[in-house]
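S.K.: Got a structure for you, structure.pdb, holding PDB, C-alpha atoms.
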```pdb
ATOM      1  CA  MET T   1      99.183 108.010 138.089
ATOM      2  CA  THR T   2     101.741 105.194 137.984
ATOM      3  CA  LYS T   3      99.299 103.152 135.987
ATOM      4  CA  LYS T   4      98.964 105.965 133.485
ATOM      5  CA  ARG T   5     102.716 106.444 133.198
ATOM      6  CA  ASN T   6     103.200 102.693 132.808
ATOM      7  CA  TYR T   7     101.002 102.322 129.789
ATOM      8  CA  LYS T   8     102.575 105.301 128.081
ATOM      9  CA  ILE T   9     106.015 103.775 128.538
ATOM     10  CA  THR T  10     104.728 100.480 127.149
ATOM     11  CA  ALA T  11     103.235 102.311 124.184
ATOM     12  CA  ALA T  12     106.536 104.086 123.543
ATOM     13  CA  PHE T  13     108.370 100.748 123.649
ATOM     14  CA  ILE T  14     105.920  99.200 121.203
ATOM     15  CA  ILE T  15     106.252 102.172 118.841
ATOM     16  CA  ILE T  16     110.048 101.991 118.962
ATOM     17  CA  ALA T  17     110.013  98.220 118.386
ATOM     18  CA  LEU T  18     107.642  98.565 115.418
ATOM     19  CA  CYS T  19     109.744 101.383 113.908
ATOM     20  CA  LEU T  20     112.887  99.273 114.267
ATOM     21  CA  ALA T  21     111.140  96.329 112.604
ATOM     22  CA  LEU T  22     109.970  98.591 109.752
ATOM     23  CA  THR T  23     113.366 100.194 109.098
ATOM     24  CA  GLY T  24     115.122  96.847 109.421
ATOM     25  CA  SER T  25     112.806  95.329 106.832
ATOM     26  CA  LEU T  26     113.198  98.289 104.465
ATOM     27  CA  LEU T  27     116.985  98.077 104.755
ATOM     28  CA  ALA T  28     116.845  94.326 104.179
ATOM     29  CA  ILE T  29     114.835  94.869 100.999
ATOM     30  CA  PHE T  30     117.005  97.657  99.618
ATOM     31  CA  TYR T  31     120.331  96.079 100.466
ATOM     32  CA  ALA T  32     119.303  92.663  99.227
ATOM     33  CA  ASP T  33     121.232  91.377  96.271
ATOM     34  CA  SER T  34     120.478  93.366  93.124
ATOM     35  CA  ASP T  35     120.848  92.200  89.546
ATOM     36  CA  HIS T  36     124.414  91.373  88.625
ATOM     37  CA  GLY T  37     126.100  88.340  87.233
ATOM     38  CA  THR T  38     124.297  85.192  86.292
ATOM     39  CA  TYR T  39     122.226  82.995  88.516
ATOM     40  CA  ILE T  40     121.321  79.408  89.080
ATOM     41  CA  ALA T  41     117.680  78.596  89.791
ATOM     42  CA  ASP T  42     117.101  75.908  92.397
ATOM     43  CA  ILE T  43     113.677  74.287  92.336
ATOM     44  CA  TYR T  44     112.584  72.729  95.607
ATOM     45  CA  GLN T  45     109.462  70.749  96.392
ATOM     46  CA  ASP T  46     108.736  69.644  99.970
ATOM     47  CA  GLY T  47     112.205  70.936 100.832
ATOM     48  CA  VAL T  48     113.903  68.575  98.354
ATOM     49  CA  LEU T  49     116.061  70.050  95.596
ATOM     50  CA  LEU T  50     114.594  68.805  92.328
ATOM     51  CA  GLN T  51     116.593  70.690  89.723
ATOM     52  CA  SER T  52     119.263  73.356  89.374
ATOM     53  CA  ILE T  53     118.994  75.355  86.179
ATOM     54  CA  PRO T  54     121.701  77.825  85.167
ATOM     55  CA  LEU T  55     120.036  80.966  83.866
ATOM     56  CA  SER T  56     122.253  82.409  81.192
ATOM     57  CA  GLU T  57     121.590  85.227  78.778
ATOM     58  CA  GLY T  58     120.448  84.265  75.335
ATOM     59  CA  THR T  59     118.836  80.938  76.103
ATOM     60  CA  SER T  60     115.814  80.297  73.967
ATOM     61  CA  PRO T  61     112.663  79.942  76.081
ATOM     62  CA  TYR T  62     111.583  76.455  77.081
ATOM     63  CA  ARG T  63     108.999  75.007  79.419
ATOM     64  CA  PHE T  64     108.680  71.963  81.616
ATOM     65  CA  THR T  65     106.264  70.711  84.225
ATOM     66  CA  VAL T  66     107.016  69.846  87.826
ATOM     67  CA  THR T  67     104.663  67.290  89.321
ATOM     68  CA  GLY T  68     104.590  66.925  93.074
ATOM     69  CA  GLU T  69     103.104  64.500  95.531
ATOM     70  CA  GLY T  70      99.368  64.133  95.063
ATOM     71  CA  GLY T  71      99.609  65.110  91.390
ATOM     72  CA  CYS T  72      99.834  68.875  91.783
ATOM     73  CA  THR T  73     101.541  70.507  88.805
ATOM     74  CA  ASN T  74     103.443  73.717  88.124
ATOM     75  CA  GLU T  75     104.524  74.563  84.586
ATOM     76  CA  ILE T  76     107.791  76.475  84.611
ATOM     77  CA  GLU T  77     109.279  78.606  81.839
ATOM     78  CA  VAL T  78     112.960  79.489  81.557
ATOM     79  CA  ARG T  79     114.097  82.307  79.305
ATOM     80  CA  ASP T  80     116.928  84.840  78.976
ATOM     81  CA  GLY T  81     118.196  84.920  82.548
ATOM     82  CA  ALA T  82     114.770  84.631  84.167
ATOM     83  CA  ILE T  83     112.397  81.952  85.402
ATOM     84  CA  ALA T  84     108.668  81.908  86.110
ATOM     85  CA  VAL T  85     105.740  79.666  86.860
ATOM     86  CA  ILE T  86     103.576  79.933  83.735
ATOM     87  CA  SER T  87     100.623  77.894  84.923
ATOM     88  CA  ALA T  88      99.742  75.898  87.998
ATOM     89  CA  ASP T  89      96.835  73.938  89.423
ATOM     90  CA  CYS T  90      97.003  75.674  92.793
ATOM     91  CA  PRO T  91      93.875  77.577  93.861
ATOM     92  CA  ASP T  92      95.330  81.039  94.409
ATOM     93  CA  LYS T  93      97.725  81.305  91.413
ATOM     94  CA  LEU T  94      99.964  83.717  93.312
ATOM     95  CA  CYS T  95     103.051  81.955  91.962
ATOM     96  CA  VAL T  96     101.835  82.595  88.400
ATOM     97  CA  HIS T  97     101.033  86.252  89.089
ATOM     98  CA  GLN T  98     104.507  86.825  90.450
ATOM     99  CA  GLY T  99     105.875  86.470  86.914
ATOM    100  CA  PHE T 100     109.509  86.196  85.941
ATOM    101  CA  ILE T 101     112.177  86.603  88.580
ATOM    102  CA  SER T 102     115.753  87.469  87.682
ATOM    103  CA  ASN T 103     117.392  88.259  91.034
ATOM    104  CA  THR T 104     117.838  86.659  94.421
ATOM    105  CA  ARG T 105     115.612  89.195  96.156
ATOM    106  CA  LEU T 106     112.430  87.155  96.349
ATOM    107  CA  PRO T 107     111.908  83.475  95.621
ATOM    108  CA  ILE T 108     108.781  82.186  93.903
ATOM    109  CA  VAL T 109     106.771  80.260  96.467
ATOM    110  CA  CYS T 110     103.694  78.189  95.675
ATOM    111  CA  LEU T 111     102.378  77.338  99.111
ATOM    112  CA  PRO T 112      99.544  74.980  98.069
ATOM    113  CA  ASN T 113     101.980  72.857  96.012
ATOM    114  CA  ARG T 114     104.886  73.396  98.470
ATOM    115  CA  LEU T 115     107.133  74.530  95.610
ATOM    116  CA  VAL T 116     109.971  77.029  96.023
ATOM    117  CA  ILE T 117     112.107  78.461  93.226
ATOM    118  CA  ARG T 118     115.165  80.286  94.476
ATOM    119  CA  LEU T 119     117.952  81.957  92.549
ATOM    120  CA  ARG T 120     121.510  81.889  93.778
ATOM    121  CA  GLU T 121     124.558  83.535  92.340
ATOM    122  CA  ASN T 122     126.588  81.474  89.939
ATOM    123  CA  SER T 123     129.750  81.312  92.009
ATOM    124  CA  CYS T 124     131.991  80.784  88.957
ATOM    125  CA  ASP T 125     131.704  84.336  87.699
ATOM    126  CA  ALA T 126     131.036  86.122  90.969
ATOM    127  CA  PRO T 127     133.942  88.261  92.167
ATOM    128  CA  ASP T 128     136.187  86.516  94.685
ATOM    129  CA  ALA T 129     136.590  89.599  96.807
ATOM    130  CA  LEU T 130     135.244  93.115  96.884
ATOM    131  CA  ALA T 131     137.509  96.111  97.284
ATOM    132  CA  TYR T 132     136.137  99.309  98.707
TER     133      TYR T 132
ATOM    134  CA  MET O   1      73.106  74.370 134.152
ATOM    135  CA  GLU O   2      74.881  77.131 136.003
ATOM    136  CA  ASN O   3      77.053  78.422 133.179
ATOM    137  CA  ARG O   4      74.436  78.927 130.513
ATOM    138  CA  ILE O   5      75.260  81.728 128.112
ATOM    139  CA  PRO O   6      72.750  84.566 128.381
ATOM    140  CA  LEU O   7      70.645  84.780 125.251
ATOM    141  CA  ARG O   8      71.558  88.374 124.592
ATOM    142  CA  LYS O   9      75.259  87.647 124.729
ATOM    143  CA  LEU O  10      74.891  84.575 122.536
ATOM    144  CA  THR O  11      73.014  86.592 119.937
ATOM    145  CA  LEU O  12      75.578  89.370 119.988
ATOM    146  CA  LEU O  13      78.488  86.969 119.616
ATOM    147  CA  ALA O  14      76.723  85.202 116.757
ATOM    148  CA  LEU O  15      76.108  88.581 115.168
ATOM    149  CA  PHE O  16      79.773  89.493 115.486
ATOM    150  CA  THR O  17      80.811  86.164 113.991
ATOM    151  CA  ALA O  18      78.480  86.742 111.033
ATOM    152  CA  LEU O  19      79.829  90.280 110.679
ATOM    153  CA  SER O  20      83.452  89.151 110.591
ATOM    154  CA  LEU O  21      82.582  86.415 108.090
ATOM    155  CA  ALA O  22      80.888  89.003 105.867
ATOM    156  CA  ILE O  23      83.947  91.267 106.117
ATOM    157  CA  TYR O  24      86.176  88.303 105.294
ATOM    158  CA  ALA O  25      84.048  87.464 102.248
ATOM    159  CA  ALA O  26      84.052  91.061 101.042
ATOM    160  CA  GLU O  27      87.803  91.262 101.484
ATOM    161  CA  SER O  28      88.500  88.088  99.541
ATOM    162  CA  ALA O  29      86.565  89.616  96.629
ATOM    163  CA  ILE O  30      89.187  92.376  96.387
ATOM    164  CA  PRO O  31      91.915  91.267  93.971
ATOM    165  CA  PRO O  32      95.346  91.121  95.624
ATOM    166  CA  LEU O  33      97.334  94.290  94.954
ATOM    167  CA  ILE O  34     100.698  92.632  95.546
ATOM    168  CA  PRO O  35     100.946  89.083  94.221
ATOM    169  CA  LEU O  36     102.671  87.623  97.242
ATOM    170  CA  PRO O  37     101.198  84.962  99.474
ATOM    171  CA  GLY O  38     100.161  86.268 102.884
ATOM    172  CA  ILE O  39      99.769  89.945 102.051
ATOM    173  CA  LYS O  40      96.217  91.132 102.611
ATOM    174  CA  LEU O  41      94.347  93.689 104.651
ATOM    175  CA  GLY O  42      93.008  91.366 107.321
ATOM    176  CA  LEU O  43      89.905  93.472 107.844
ATOM    177  CA  ALA O  44      88.162  90.700 109.784
ATOM    178  CA  ASN O  45      90.609  91.450 112.579
ATOM    179  CA  ILE O  46      88.562  94.597 113.262
ATOM    180  CA  ILE O  47      85.920  92.479 114.981
ATOM    181  CA  THR O  48      88.510  90.661 117.117
ATOM    182  CA  LEU O  49      90.000  93.989 118.156
ATOM    183  CA  ILE O  50      86.624  95.479 119.098
ATOM    184  CA  LEU O  51      85.648  92.424 121.138
ATOM    185  CA  LEU O  52      89.024  92.263 122.824
ATOM    186  CA  ARG O  53      88.735  95.883 123.855
ATOM    187  CA  HIS O  54      85.146  95.904 125.012
ATOM    188  CA  GLY O  55      84.368  92.393 126.110
ATOM    189  CA  PRO O  56      85.965  89.443 127.845
ATOM    190  CA  ALA O  57      88.918  87.960 125.974
ATOM    191  CA  LYS O  58      87.242  84.529 125.991
ATOM    192  CA  ASP O  59      84.409  85.826 123.826
ATOM    193  CA  ALA O  60      86.823  87.440 121.383
ATOM    194  CA  PHE O  61      88.705  84.154 121.077
ATOM    195  CA  PHE O  62      85.504  82.165 120.495
ATOM    196  CA  VAL O  63      84.416  84.539 117.759
ATOM    197  CA  LEU O  64      87.878  84.359 116.155
ATOM    198  CA  VAL O  65      87.948  80.557 116.155
ATOM    199  CA  ALA O  66      84.374  80.353 114.849
ATOM    200  CA  ARG O  67      85.230  82.792 112.058
ATOM    201  CA  ILE O  68      88.365  80.883 111.054
ATOM    202  CA  LEU O  69      86.560  77.525 110.986
ATOM    203  CA  LEU O  70      83.557  78.869 109.111
ATOM    204  CA  SER O  71      85.629  80.808 106.581
ATOM    205  CA  ALA O  72      87.718  77.711 105.829
ATOM    206  CA  LEU O  73      84.494  75.763 105.416
ATOM    207  CA  LEU O  74      82.902  78.314 103.113
ATOM    208  CA  PHE O  75      85.744  79.785 101.058
ATOM    209  CA  GLY O  76      89.037  78.064 101.606
ATOM    210  CA  GLN O  77      90.891  74.816 101.546
ATOM    211  CA  VAL O  78      92.205  72.762 104.429
ATOM    212  CA  LEU O  79      95.677  74.257 104.111
ATOM    213  CA  SER O  80      94.488  77.836 104.465
ATOM    214  CA  LEU O  81      92.727  76.759 107.670
ATOM    215  CA  LEU O  82      96.089  75.807 109.157
ATOM    216  CA  TYR O  83      97.660  79.109 108.117
ATOM    217  CA  SER O  84      94.896  81.307 109.444
ATOM    218  CA  PHE O  85      94.546  79.259 112.628
ATOM    219  CA  ILE O  86      98.199  79.484 113.619
ATOM    220  CA  GLY O  87      98.484  83.118 112.522
ATOM    221  CA  GLY O  88      95.211  83.949 114.249
ATOM    222  CA  CYS O  89      96.173  82.312 117.554
ATOM    223  CA  LEU O  90      99.602  83.957 117.617
ATOM    224  CA  SER O  91      98.174  87.375 116.835
ATOM    225  CA  PHE O  92      95.403  86.888 119.391
ATOM    226  CA  CYS O  93      97.935  86.092 122.117
ATOM    227  CA  ILE O  94     100.040  89.152 121.369
ATOM    228  CA  MET O  95      96.976  91.400 121.066
ATOM    229  CA  TYR O  96      95.656  90.117 124.389
ATOM    230  CA  ILE O  97      98.959  90.871 126.105
ATOM    231  CA  SER O  98      99.379  94.312 124.551
ATOM    232  CA  ASN O  99      95.761  95.177 125.279
ATOM    233  CA  ARG O 100      96.342  94.361 128.936
ATOM    234  CA  LEU O 101      99.630  96.236 129.117
ATOM    235  CA  LEU O 102      98.224  99.309 127.397
ATOM    236  CA  TYR O 103      95.020  99.359 129.498
ATOM    237  CA  LYS O 104      92.950  99.237 126.292
ATOM    238  CA  LYS O 105      94.477 102.483 125.049
ATOM    239  CA  PHE O 106      96.041 102.946 121.599
ATOM    240  CA  PRO O 107      94.123 100.198 119.750
ATOM    241  CA  PHE O 108      96.107 100.889 116.577
ATOM    242  CA  LEU O 109      99.289  99.722 118.311
ATOM    243  CA  THR O 110      97.560  96.524 119.373
ATOM    244  CA  GLY O 111      96.336  96.127 115.801
ATOM    245  CA  ALA O 112      99.825  96.641 114.365
ATOM    246  CA  LEU O 113     101.289  94.045 116.731
ATOM    247  CA  GLY O 114      98.469  91.664 115.847
ATOM    248  CA  GLY O 115      99.049  92.102 112.110
ATOM    249  CA  LEU O 116     102.787  91.634 112.508
ATOM    250  CA  PHE O 117     102.467  88.443 114.531
ATOM    251  CA  HIS O 118      99.739  87.079 112.288
ATOM    252  CA  ASN O 119     102.140  87.292 109.358
ATOM    253  CA  LEU O 120     105.021  85.850 111.360
ATOM    254  CA  GLY O 121     102.840  82.905 112.375
ATOM    255  CA  GLN O 122     101.922  82.293 108.757
ATOM    256  CA  LEU O 123     105.574  82.502 107.773
ATOM    257  CA  LEU O 124     106.465  79.854 110.360
ATOM    258  CA  THR O 125     103.637  77.639 109.086
ATOM    259  CA  ALA O 126     104.883  78.093 105.540
ATOM    260  CA  PHE O 127     108.373  77.151 106.681
ATOM    261  CA  VAL O 128     107.068  73.981 108.314
ATOM    262  CA  ILE O 129     104.929  73.043 105.308
ATOM    263  CA  THR O 130     107.421  73.735 102.520
ATOM    264  CA  SER O 131     110.329  72.795 104.828
ATOM    265  CA  SER O 132     112.574  75.164 102.922
ATOM    266  CA  ALA O 133     114.316  78.157 104.450
ATOM    267  CA  GLY O 134     113.657  80.068 101.213
ATOM    268  CA  VAL O 135     110.319  81.336 102.512
ATOM    269  CA  PHE O 136     112.187  83.483 105.041
ATOM    270  CA  ALA O 137     113.184  85.780 102.167
ATOM    271  CA  TYR O 138     109.612  87.031 102.522
ATOM    272  CA  THR O 139     110.146  88.156 106.111
ATOM    273  CA  PRO O 140     110.828  91.870 105.395
ATOM    274  CA  TYR O 141     107.829  92.128 103.066
ATOM    275  CA  LEU O 142     105.535  90.378 105.512
ATOM    276  CA  VAL O 143     106.782  92.465 108.448
ATOM    277  CA  ILE O 144     106.112  95.729 106.615
ATOM    278  CA  SER O 145     102.722  94.653 105.292
ATOM    279  CA  GLY O 146     101.728  93.223 108.671
ATOM    280  CA  ILE O 147     102.521  96.428 110.537
ATOM    281  CA  LEU O 148     100.900  98.746 107.989
ATOM    282  CA  THR O 149      97.716  96.732 107.510
ATOM    283  CA  GLY O 150      97.552  96.181 111.273
ATOM    284  CA  LEU O 151      97.721  99.923 111.907
ATOM    285  CA  PHE O 152      94.921 100.382 109.395
ATOM    286  CA  THR O 153      92.672  97.716 110.920
ATOM    287  CA  GLY O 154      93.424  99.083 114.386
ATOM    288  CA  LEU O 155      92.259 102.536 113.352
ATOM    289  CA  CYS O 156      89.191 100.988 111.690
ATOM    290  CA  ALA O 157      88.398  99.191 114.949
ATOM    291  CA  CYS O 158      88.827 102.443 116.859
ATOM    292  CA  PHE O 159      86.324 104.318 114.678
ATOM    293  CA  ALA O 160      83.962 101.378 114.338
ATOM    294  CA  SER O 161      83.694 100.842 118.077
ATOM    295  CA  ARG O 162      82.889 104.536 118.531
ATOM    296  CA  TYR O 163      79.736 104.112 116.425
ATOM    297  CA  LEU O 164      78.929 100.519 117.246
ATOM    298  CA  LEU O 165      79.206 100.541 121.016
ATOM    299  CA  PRO O 166      76.365 102.916 121.882
ATOM    300  CA  HIS O 167      74.051 100.379 120.213
ATOM    301  CA  ILE O 168      75.395  97.388 122.097
ATOM    302  CA  SER O 169      76.036  98.996 125.442
ATOM    303  CA  HIS O 170      74.455  96.057 127.252
ATOM    304  CA  PHE O 171      77.210  93.822 126.014
ATOM    305  CA  SER O 172      79.489  92.382 128.723
TER     306      SER O 172
END
```
Is it possible to express this structure as C-alpha cells?
M.R.:
Amino acid sequence: MTKKRNYKITAAFIIIALCLALTGSLLAIFYADSDHGTYIADIYQDGVLLQSIPLSEGTSPYRFTVTGEGGCTNEIEVRDGAIAVISADCPDKLCVHQGFISNTRLPIVCLPNRLVIRLRENSCDAPDALAY
Amino acid sequence: MENRIPLRKLTLLALFTALSLAIYAAESAIPPLIPLPGIKLGLANIITLILLRHGPAKDAFFVLVARILLSALLFGQVLSLLYSFIGGCLSFCIMYISNRLLYKKFPFLTGALGGLFHNLGQLLTAFVITSSAGVFAYTPYLVISGILTGLFTGLCACFASRYLLPHISHFS
C-alpha cells in the first residue's frame, strides 16, 4: 500500500515538474525580445567574436565567407536588417535552413562548424528606460 | 567461464540492437520539420525504454551504447557521436532512476524525462564545443521538444511492449 502511494506521489511530482518546465519554456519564448529597433549581429566561431555587423534598414545585400579552423566555411548574407547563412559545408545544413533572422529570439548555430550568429540590440537607439 | 551470456539472451539483445538501428535509420530519412539542431523524434529510444522496463538495466545500457556506436559508424560523423553519447547517457541515468521510483509504471513519464534530459545533455555538449553561451537561447525550444517527443516515444514503448512481450516472454 505504501509502495503504491509512493509511486503515485512520485508520478505527480514528475508531472508537476514537467508542466512547470513546459510553461516556463513557453513563457520564455513568448516574452523573449520581439522585433523593435535595430540590431547588431555578432559572429562567433569557437567562442571568439569574429565580426560585429550593424544591421540597418536599407542596406543593399552583400555576402562574405567565414572560414574556420580546419577549413570549414559558412557563406553569410546580410540584407535589410536581417542576416543568414546562405551556404555552408557542414553535413546537416540546419544553419542554412534556418534562413534569415531579424530578432534576438534565436541565434543561428552551426554546430559542425562551431559558428554562432547572435543579434543584440543596438544600444544607441534603444530606449534608456521604460515607463509603464 | 562462469559469466557466459546465454545464447538466447545474446540473440535477443542483438535483435533489439538491430531493431533500434533500423528505427534510427528510418527516422533519419524523415526530413526535419523544424530546422533547429537537436530537435527530432528520438524513436530509437523506444527500444531503450522497453528494455529498461522489462529487462535488467545493464542490458538496456549495452544495447543503447551499441546502437550509438553503430549509428555513428554507419550514418554520422564523429561529432554527432559525442552528442548522442552524452545525451544518451544522461537520459539513460534519469530514465533508470525514474523507472525505479515509479515501479515501472507510467512509462510515458519516464520517456518524457528521458527526452528532456537527452536534449539538455546535447545542449551542454553544444555549449562545450562552441564555447559560446548563445546556444542556451535554444533551451526553451529543446525543453518543449524533448518533453513532447519523449511523451510520444514513451507511449510508443508502452504499446509496443504490449504486442512484443508475449513473443519474447523468455527474456530476462
S.K.: When you look at segment 142-154 of chain O with a cut-off of 8 Å (counting all atoms listed in the file), what residues show up, excluding the ones that are within fewer than 4 positions of it in the same chain? I need them as a PyMOL selection string.
M.R.: (chain T and resi 18+21-22+25-26) or (chain O and resi 38-43+45-46+49+107-120+138+158)
S.K.: For chain T, which residues have at least one atom within 9 Å of chain O, if we go by all atoms listed in the file? Write them as a PyMOL selection string, please.
M.R.: chain T and resi 3-4+6-8+10-11+14-15+18+21-29+44-48+91-98+105-118
S.K.: In Å, rounded to a single decimal, give me how far atom CA of Cys72 of chain T is from atom CA of Arg67 of chain O.
M.R.: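 According to the coordinates, atom CA of Arg67 of chain O and atom CA of Cys72 of chain T are separated by 28.6 Å.
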S.K.: Using all atoms listed in the file, collect all residues at a distance of at most 12 Å from (117.1, 82.6, 72.8) as written in the file, then present them as JSON, numbers by chain.
M.R.: {"T": [55, 56, 57, 58, 59, 60, 61, 62, 78, 79, 80, 81, 82]}
S.K.: Any idea what the distance is between atom CA of Arg162 of chain O and atom CA of Ala57 of chain O?
M.R.: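 Interatomic distance here is 19.1 Å.
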S.K.: Taking all listed atoms of segment 19-23 of chain T, build the axis-aligned box, pad each of the six sides by 8 Å, then write its centre and edge lengths in Å to one decimal as JSON.
M.R.:
```
{"center_x": 111.6, "center_y": 98.9, "center_z": 111.7, "size_x": 19.6, "size_y": 21.1, "size_z": 21.2}
```
S.K.: So, counting all atoms listed in the file, which residue among O:Phe62, O:Leu52, O:Leu12, O:Arg4 is closest to His167 of chain O?
M.R.: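 Closest residue, counting all atoms listed in the file: O:Leu12.
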S.K.: For this structure, which residues satisfy the selection - the PyMOL selection byres ((chain T and resi 63) around 6) - when it is evaluated on the file as given? I want them as a CSV table (one decimal) with C-alpha atoms, keeping the file's coordinate frame.
M.R.:
```
chain,number,residue,atom,x,y,z
T,62,TYR,CA,111.6,76.5,77.1
T,64,PHE,CA,108.7,72.0,81.6
T,76,ILE,CA,107.8,76.5,84.6
T,77,GLU,CA,109.3,78.6,81.8
```
S.K.: One decimal, in Å: what's the spacing between atom CA of Ala84 of chain T and atom CA of Ala72 of chain O?
M.R.: 29.1 Å
S.K.: Which residue is closest to Gly68 of chain T? Choose from T:Ser52, T:Asn122, T:Ile83, T:Ile43 and count all atoms listed in the file.
M.R.: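 For Gly68 of chain T, the nearest of the candidates is T:Ile43.
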S.K.: Output the residue selection produced by the PyMOL selection byres ((chain T and resi 102) around 8) on the file above, formatted as a PDB file with C-alpha atoms, in the coordinates of the input.
M.R.:
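After the write, selection21.pdb holds the following:
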```pdb
ATOM      1  CA  ASP T  35     120.848  92.200  89.546  1.00  0.00           C
ATOM      2  CA  TYR T  39     122.226  82.995  88.516  1.00  0.00           C
ATOM      3  CA  GLY T  81     118.196  84.920  82.548  1.00  0.00           C
ATOM      4  CA  ALA T  82     114.770  84.631  84.167  1.00  0.00           C
ATOM      5  CA  ILE T  83     112.397  81.952  85.402  1.00  0.00           C
ATOM      6  CA  PHE T 100     109.509  86.196  85.941  1.00  0.00           C
ATOM      7  CA  ILE T 101     112.177  86.603  88.580  1.00  0.00           C
ATOM      8  CA  ASN T 103     117.392  88.259  91.034  1.00  0.00           C
ATOM      9  CA  THR T 104     117.838  86.659  94.421  1.00  0.00           C
ATOM     10  CA  LEU T 119     117.952  81.957  92.549  1.00  0.00           C
TER      11      LEU T 119
END
```
S.K.: Exactly which residues make up the result of the PyMOL selection byres ((chain O and resi 59) around 12) on this file, given as a ChimeraX atom specification?
M.R.: /O:5,9-10,12-14,16-17,47-58,60-66,92,171-172
S.K.: Just to be explicit: take each residue in the selection above, keep C-alpha atoms, and write the result as a short mmCIF file (atom, residue, chain, number, x, y, z; two decimals), in the coordinates of the input.
M.R.:
```
data_model
loop_
_atom_site.label_atom_id
_atom_site.label_comp_id
_atom_site.auth_asym_id
_atom_site.auth_seq_id
_atom_site.Cartn_x
_atom_site.Cartn_y
_atom_site.Cartn_z
CA ILE O 5 75.26 81.73 128.11
CA LYS O 9 75.26 87.65 124.73
CA LEU O 10 74.89 84.58 122.54
CA LEU O 12 75.58 89.37 119.99
CA LEU O 13 78.49 86.97 119.62
CA ALA O 14 76.72 85.20 116.76
CA PHE O 16 79.77 89.49 115.49
CA THR O 17 80.81 86.16 113.99
CA ILE O 47 85.92 92.48 114.98
CA THR O 48 88.51 90.66 117.12
CA LEU O 49 90.00 93.99 118.16
CA ILE O 50 86.62 95.48 119.10
CA LEU O 51 85.65 92.42 121.14
CA LEU O 52 89.02 92.26 122.82
CA ARG O 53 88.74 95.88 123.86
CA HIS O 54 85.15 95.90 125.01
CA GLY O 55 84.37 92.39 126.11
CA PRO O 56 85.96 89.44 127.84
CA ALA O 57 88.92 87.96 125.97
CA LYS O 58 87.24 84.53 125.99
CA ALA O 60 86.82 87.44 121.38
CA PHE O 61 88.70 84.15 121.08
CA PHE O 62 85.50 82.16 120.50
CA VAL O 63 84.42 84.54 117.76
CA LEU O 64 87.88 84.36 116.16
CA VAL O 65 87.95 80.56 116.16
CA ALA O 66 84.37 80.35 114.85
CA PHE O 92 95.40 86.89 119.39
CA PHE O 171 77.21 93.82 126.01
CA SER O 172 79.49 92.38 128.72
#
```
